[in-house]
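Worksheet: the structure to be examined is printed underneath.
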There are 2 protein chains.
Amino acid sequence: MTEERDVTLAIDAMGGDAGPQAVVDGVAHAVKGGLKTRFIFFGDKAELEPLIAAHSHIADAEIRHAENVVSMTDKPMHVLRRGHDTSMWAAVSALDGGEAQAVVSCGNTGALMAVARKQLGMIEGVERPAITALWPTPRGRTVVLDVGANVEATGDQLVQFAIMGEAFFRALTKAPKPTVGLLNVGAEDLKGHDLIRTAARVLREADPDMAFKGFVEGNDISKGTVDVVVTDGFTGNVALKTAEGAARLLGQWMKETLTGTWNAKLGALLMAPGLRKLKARIDPSSNNGGVFLGVNGIVVKSHGGADARGVESAVKMAASLAKRPFGDEVASTVKTVMDRRQRIAETAADDDTIKAAAV
Amino acid sequence: MTEERDVTLAIDAMGGDAGPQAVVDGVAHAVKGGLKTRFIFFGDKAELEPLIAAHSHIADAEIRHAENVVSMTDKPMHVLRRGHDTSMWAAVSALDGGEAQAVVSCGNTGALMAVARKQLGMIEGVERPAITALWPTPRGRTVVLDVGANVEATGDQLVQFAIMGEAFFRALTKAPKPTVGLLNVGAEDLKGHDLIRTAARVLREADPDMAFKGFVEGNDISKGTVDVVVTDGFTGNVALKTAEGAARLLGQWMKETLTGTWNAKLGALLMAPGLRKLKARIDPSSNNGGVFLGVNGIVVKSHGGADARGVESAVKMAASLAKRPFGDEVASTVKTVMDRRQRIAETAADDDTIKAAAV
């Protein structure tokens with residue numbers, strides 16, 4: 001593990017649903033909690049000054065005025081063309097110029113991705129970006145990627161997602177050898193698309209240093225069977241939102257159970273400490289922050305509706321990643337693995353032809 | 001709604017993880033609960049006779065001896081070739097011969113699908129089967145299909161799944177006009193694959209009788225936004241299992257909360273009625289039973305690990321569907337819609353070309 005470096009975070013303070021207050025408060029909480037980084041806030045100076053002045057912990061943070069804000073409905077193409085005066089554009093620029101080592105934004109996902117790709121470019125050898133999501137498990141957290149940067153992924157791109165996800169998890173948690181799985185379906189007869197099978201074979205044979213565990217199924221995500229679950233952005237996005245929906249419904253029903261009668265309310269009081277712990281466990285704020293892997297820099301997208309606690313999580317994540325940059329490692333691993341994969345993919349294709357002929 | 005017909009159910013009594021006891025008990029519970037159908041049990045006669053004799057409600061059920069059982073690890077191809085003496089094969093045969101109007105099996109999914117397709121064939125015009133899953137929502141239940149019959153689906157096949165899912169939901173619930181949605185991702189820029197967009201357009205324009213609501217996202221499933229959620233078998237399988245995994249984790253944490261301290265245990269006692277209701281709501285038994293839509297007959301796959309309550313749900317579902325057969329309706333709608341879709345698909349392709357050129 002390389003030594004941690006001093007970092008500055010670029011904070012796009014505008015564009016979230018909760019406004020700059022939540023962003024500034026979130027940063028202040030993180031600093032109060034011990035985070036040692038410099039900050040540059042980008043946004044409306046007149047609006048930001050009093051918000052920042054209210055927190056002694058971040059009173060020395062720099063503010064850079066930006067005239068405009070990217071709205072949630074702005075088209076990425078529009079922002080690329082006409083959004084150069086926005087806080088988002090300016091915050092990402094700070095990365096490009098080397099003034100900051102990571103950027104955090106609560107703004108429009110599509111626009112942030114477009115601006116990041118445009119200004120930062122991609123890591124050498126990585127074809128497509130992927131967005132991460134953190135998922136609570138009994139063992140801690142699992143990272144799932146891609147949860148929505150692209151609707152489709154080729155086998156090569158899945159391999160690249162796996163390499164990036166592994167490096168991301170290592171940087172975030174300091175786990176030396178994260179385990180990695182490819183999301184698949186379990187039914188014997190239809191174990192996945194060809195491209196997933198090929199990706200599995202490439203990972204197994206061309207990246208022997210990776211702790212690749214083969215295929216995992218949907219239920220393995222919440223079990224924490226592996227540290228990193230790799231899938232295409234369509235499947236990842238559906239899985240994430242479906243699980244969130246199911247959790248929300250269960251939460252509603254639980255709430256009805258706890259408040260349905262006077263007896264139940266009394267019972268809820270008796271288990272208050274446990275309920276607080278449960279609430280903390282399922283609080284989406286603690287897992288807030290999706291990272292745009294593949295772009296040449298640390299770009300953390302906070303949920304648009306994040307409160308101060310959510311922003312705090314995203315800021316801490318950005319700082320951890322910025323302190324242990326992994327772009328070069330990813331570029332070098334991707335190059336090695338892709339150099340080896342052509343031969344493997346060809347052999348796999350031969351096998352598939354044989355299988356198909358046997359059916 | 002056509003009048004309900006008298007039906008006989010063919011029960012594959014072997015092959016589930018819990019053995020024939022759970023199957024026989026489940027059928028007996030359903031009859032005790034008022035279900036009026038005849039039953040033919042297929043399996044080991046010596047084993048089944050005492051189990052059935054123990055329930056006065058089903059004492060007159062017929063038993064057909066089958067020498068063999070399909071195991072959970074048998075390959076479908078093997079069963080097709082050498083499994084003609086199994087209880088699964090014989091039970092499905094009863095449908096083909098017209099002796100029974102639906103079959104229920106707790107056995108090997110892949111084998112059951114292969115046996116059903118082989119013996120019953122497909123509904124005219126339907127290219128591929130789809131497996132349904134029922135999902136609890138605040139409004140009742142949503143059906144999701146396909147949850148794993150195929151790993152990929154073309155646009156035409158998604159359209160056919162939608163038509164089958166709608167007919168299935170109508171037969172199951174007697175709702176005259178079920179609402180239907182296509183599962184997609186929400187991010188503005190990447191609203192789905194081309195084939196999903198084309199499927200949506202075909203459903204909207206070629207099936208004006210359907211209450212088609214367009215795209216839904218993962219979180220809409222548990223919300224109950226629509227009655228029928230249509231997707232390919234890969235995405236559906238991952239979504240289902242991911243949500244099950246998340247629900248199981250939440251359930252574990254809830255259990256820890258309710259039993260963590262003596263105070264919490266006392267609290268749990270005070271909310272016992274609410275907890276019983278919660279347990280019933282999330283009990284997977286009540287939603288047990290996946291139907292193989294597209295094959296020419298009602299084939300209900302009970303979960304391999306289903307207990308008697310789970311089997312009871314699957315048996316009731318089979319009876320409801322058998323009483324209101326919808327195969328002819330599906331064939332006729334599929335024919336109409338497919339006749340119209342070619343022109344629509346071509347126009348959609350033109351639009352996509354224009355969009356692509358504009359990016």
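FYI, nothing fancy with the structure tokens labels: chains A, B, ... in order, residues from 1 per chain, ligands from 1 as they appear.
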Pull out every residue of chain B that has at least one atom within 7 Å of chain A, counting only C-alpha atoms, and report them as a PyMOL selection string. chain B and resi 110+150-151+185+189-190+192-193+217-223+234-235+237-239+241-247+249+253+257+263-264+266-268+270-271+274-275+278
Write the residues of the selection above to a file with C-alpha atoms, as a compact mmCIF listing (two decimals), in the first residue's frame.
```
# COMPACT_ATOMS: atom_id res chain seq x y z
CA GLY B 110 -35.25 -27.01 -16.07
CA ASN B 150 -34.52 -17.63 -20.99
CA VAL B 151 -31.48 -15.41 -20.52
CA VAL B 185 -33.64 1.96 -16.22
CA ASP B 189 -29.65 9.37 -21.31
CA LEU B 190 -29.89 5.68 -21.41
CA GLY B 192 -33.12 1.19 -22.22
CA HIS B 193 -31.98 -0.94 -25.06
CA GLU B 217 -38.18 0.98 -12.87
CA GLY B 218 -36.98 -1.55 -10.33
CA ASN B 219 -38.52 0.24 -7.35
CA ASP B 220 -41.92 0.22 -9.07
CA ILE B 221 -42.18 -3.54 -8.58
CA SER B 222 -42.63 -3.36 -4.80
CA LYS B 223 -44.68 -0.18 -5.11
CA PHE B 234 -31.83 -12.61 -16.91
CA THR B 235 -32.91 -9.26 -15.50
CA ASN B 237 -34.10 -13.51 -12.20
CA VAL B 238 -31.46 -11.13 -10.86
CA ALA B 239 -34.09 -8.62 -9.67
CA LYS B 241 -33.13 -12.86 -6.15
CA THR B 242 -31.56 -9.51 -5.25
CA ALA B 243 -34.78 -8.35 -3.61
CA GLU B 244 -35.16 -11.69 -1.79
CA GLY B 245 -31.60 -11.31 -0.51
CA ALA B 246 -32.19 -7.75 0.67
CA ALA B 247 -35.46 -8.78 2.36
CA LEU B 249 -30.99 -9.43 5.43
CA TRP B 253 -31.64 -7.51 11.41
CA THR B 257 -33.70 -6.05 17.08
CA ASN B 263 -36.57 -5.35 27.11
CA ALA B 264 -36.77 -5.89 23.36
CA LEU B 266 -40.90 -7.88 26.15
CA GLY B 267 -41.54 -5.21 23.52
CA ALA B 268 -41.94 -7.93 20.90
CA LEU B 270 -46.52 -6.30 23.21
CA MET B 271 -46.57 -6.06 19.43
CA GLY B 274 -48.67 -6.79 14.51
CA LEU B 275 -45.66 -9.06 14.15
CA LEU B 278 -45.99 -8.66 9.30
```
All residues 12 Å or closer to stretch 337-343 of chain B, only C-alpha atoms, same chain fewer than 2 positions away omitted, as a PyMOL selection string: chain B and resi 124-127+155-160+162-163+198-210+330-335+345-350
From the DSSP assignment of the backbone, select every residue of stretch 121-167 of chain B that is helix (DSSP H, G or I), and format the answer as a PyMOL selection string. chain B and resi 155-167
Any idea what's packed within 12 Å of A:Ala318, counting only C-alpha atoms, ignoring anything in its chain fewer than 2 positions away? Could you give it as a PyMOL selection string? chain A and resi 7-11+27+30+35+37+39+100-105+168+171-172+288-292+297-302+311-316+320-325
Skip A:Gly43 itself and residues of its chain fewer than 2 positions away, then list as a ChimeraX atom specification all residues within 7 Å of it, counting only C-alpha atoms. /A:12-14,41,45,64-66,87
For B:Ala130, the nearest of the candidates B:Asp85, B:Asp232, B:Glu99, B:Asp25, counting only C-alpha atoms: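 Answer, going by the shortest atom-to-atom distance: B:Asp232.
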Those in stretch 235-335 of chain B with strand (DSSP E or B) from DSSP, as a list in words: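 Output for stretch 235-335 of chain B, strand (DSSP E or B) only: Gly290, Val291, Phe292, Leu293, Val295, Ile298, Val299, Val300 and Lys301 of chain B.
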Which polymer residues have any atom within 6 Å of an atom of B:Val180, counting only C-alpha atoms, with same-chain residues fewer than 5 positions away left out, as a PyMOL selection string? chain B and resi 212-213+226-228
What separation in Å, quoted to one decimal, exists between atom CA of A:Ile131 and atom CA of A:Gly181? 16.4 Å
What's the separation between atom CA of A:Asp60 and atom CA of A:Arg38, in Å to one decimal place?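 Rounded to one decimal, the two atoms are 8.8 Å apart.
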Point-to-point distance from atom CA of B:Phe326 to atom CA of B:Ala167, Å rounded to tenths: 6.3 Å
Please list as a PyMOL selection string every residue within 7 Å of stretch 46-53 of chain A, counting only C-alpha atoms and excluding residues in the same chain fewer than 5 positions away. chain A and resi 21+24+58-59
Long-range neighbours of A:Ser93 as a PyMOL selection string, 9 Å cut-off, only C-alpha atoms, 5 positions minimum in chain: chain A and resi 88+98-100+116+119-120
